[in-house]
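Taking it in order: structure first as structure tokens, then the write-up.
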Amino acid sequence: MQNQCHDILKEMKAVIFDLDGTLIDSMWVWRDIDVEFLGKRGIIMPENLQKMIEGKSFHETAVYFKETFHLPETLEEIKELWNQMAYDKYAHGMPLKKGAGEFLSFLKQQNIHMGIATSNSRKLTESCLLDIGILSYFETIVTGCEIIHGKPEPDIYLKAAGNLGISPEKCLVFEDVPMGILAGKRAGMKTCAVYDSFSAHMDEEKKNLADAFILDYHELV
């Protein structure tokens with residue numbers, strides 16, 4: 001399906017990336033944080049937790065945790081604790097997905113606009129992109145805290161396209177999970193699924209939902 005992605009890209013004016021699992025190899029971080037966060041409160045992480053929070057914004061995930069696990073902390077306290085737990089990992093050495101750096105350079109050379117649409121927090125997103133040295137590629141960063149409805153609703157991708165000044169049908173979305181792919185499609189955009197070991201068990205679902213599928217970005221450079 002990578003050839004399809006090549007063909008789609010030729011017709012696009014903008015590319016909008018999800019962050020975790022799509023642009024950077026980071027999904028393992030959040031599973032570890034969930035295990036540690038709940039473990040400190042005497043709670044064993046449910047096996048289906050990652051599926052239940054897939055696509056939810058940072059705020060929506062905090063609401064889910066507070067209500068599901070009856071946490072005494074406020075939503076703001078929960079989010080701040082997560083930020084503290086994740087900050088060192090995001091600000092110091094989070095790896096880019098294979099070929100992502102070269103692909104970003106290629107898009108810049110082609111004068112294709114670039115944006116980020118992530119369920120993560122702005123603090124973690126910007127610190128990560130700055131550390132990796134790719135923050136300057138992106139004309140807009142939209143986080144889940146800035147929209148009403150998280151993925152699979154299209155809000156975050158529509159806002160990113162609006163900020164870029166590009167119509168949705170001229171935007172290509174890169175995503176690693178089904179809920180994110182659905183958000184891009186519901187926004188009226190083309191979608192390319194990206195392989196990630198964390199969501200490998202969903203590859204067939206991702207291929208069926210997306211317009212294209214790649215194992216890594218080297219296929220596009």
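Labels used: A, B, ... for chains in the order of the structure tokens, numbers from 1 for residues in each chain, and numbers from 1 for ligands as shown.
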Exercise for review: Name the residues in contact with Ala100 (chain A) at a cut-off of 12 Å, using only C-alpha atoms, excluding same-chain residues fewer than 3 positions from it; report them as a PyMOL selection string.
Suggested key: chain A and resi 17+19+21-25+95-97+103-107+132+134+137+174+194+214-221
Exercise for review: Find the spatial neighbours of region 51-63 of chain A, counting only C-alpha atoms, within a cut-off of 8 Å - ignore same-chain residues fewer than 5 positions away - and output them as a PyMOL selection string.
Suggested key: chain A and resi 75+78-79+118-121+143-145+149-152+177+179-180
Written file, previous selection with C-alpha atoms, as a tab-separated table (two decimals), in the first residue's frame:
```tsv
chain	number	residue	atom	x	y	z
A	75	LEU	CA	-8.24	16.28	36.94
A	78	ILE	CA	-3.78	13.84	37.56
A	79	LYS	CA	-2.59	15.55	34.37
A	118	THR	CA	-1.91	14.92	19.07
A	119	SER	CA	-3.90	13.74	22.06
A	120	ASN	CA	-0.80	14.46	24.15
A	121	SER	CA	-0.20	17.66	26.15
A	143	THR	CA	-3.29	19.16	21.21
A	144	GLY	CA	-6.22	17.30	22.66
A	145	CYS	CA	-6.56	19.89	25.40
A	149	HIS	CA	-14.02	16.08	21.31
A	150	GLY	CA	-10.99	13.79	21.02
A	151	LYS	CA	-10.34	11.17	18.35
A	152	PRO	CA	-12.20	9.47	16.63
A	177	VAL	CA	-4.18	3.55	15.66
A	179	MET	CA	-9.34	5.81	16.33
A	180	GLY	CA	-6.89	8.31	14.89
```
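With distances restricted to only C-alpha atoms, A:Leu71 is the closest residue to Lys40 (chain A) from A:Cys128, A:Ala210, A:Leu71, A:Glu139.
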Review point. If you count only C-alpha atoms, which residues fall within 12 Å of Asp34 (chain A), apart from same-chain ones fewer than 6 positions away, as a VMD selection string?
Key: chain A and resid 27 to 28 40 to 41 43 to 47 49 to 50 53 61 to 62 65 69 78 81 to 82 85 to 86
Exercise for review: Check the DSSP output for the backbone and give back, as a VMD selection string, the residues of region 1-95 of chain A in strand (DSSP E or B).
Suggested key: chain A and resid 14 to 17 20 24
Check your understanding: If we count only C-alpha atoms, what is near Phe213 (chain A) at a cut-off of 12 Å, once residues fewer than 4 positions away on the same chain are taken out, given as JSON, numbers by chain?
Key -> {"A": [1, 2, 3, 4, 5, 6, 8, 22, 173, 174, 175, 176, 177, 181, 190, 191, 192, 193, 194, 195, 196, 203, 204, 205, 206, 207, 208, 209, 217, 219, 220]}
Point to revise | helix (DSSP H, G or I) per DSSP on the backbone: members of region 20-194 of chain A, as a PyMOL selection string | key: chain A and resi 27-39+49-53+58-69+75-91+100-109+122-132+135-137+144-146+155-164+168-170+178-186
Review point. What gap, in Å, lies between CA of Val15 (chain A) and CA of Ile116 (chain A)?
Key: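 Those two atoms sit 8.7 Å apart.
Interatomic distance, CA of Gly162 (chain A) against CA of Thr140 (chain A): 9.7 Å.
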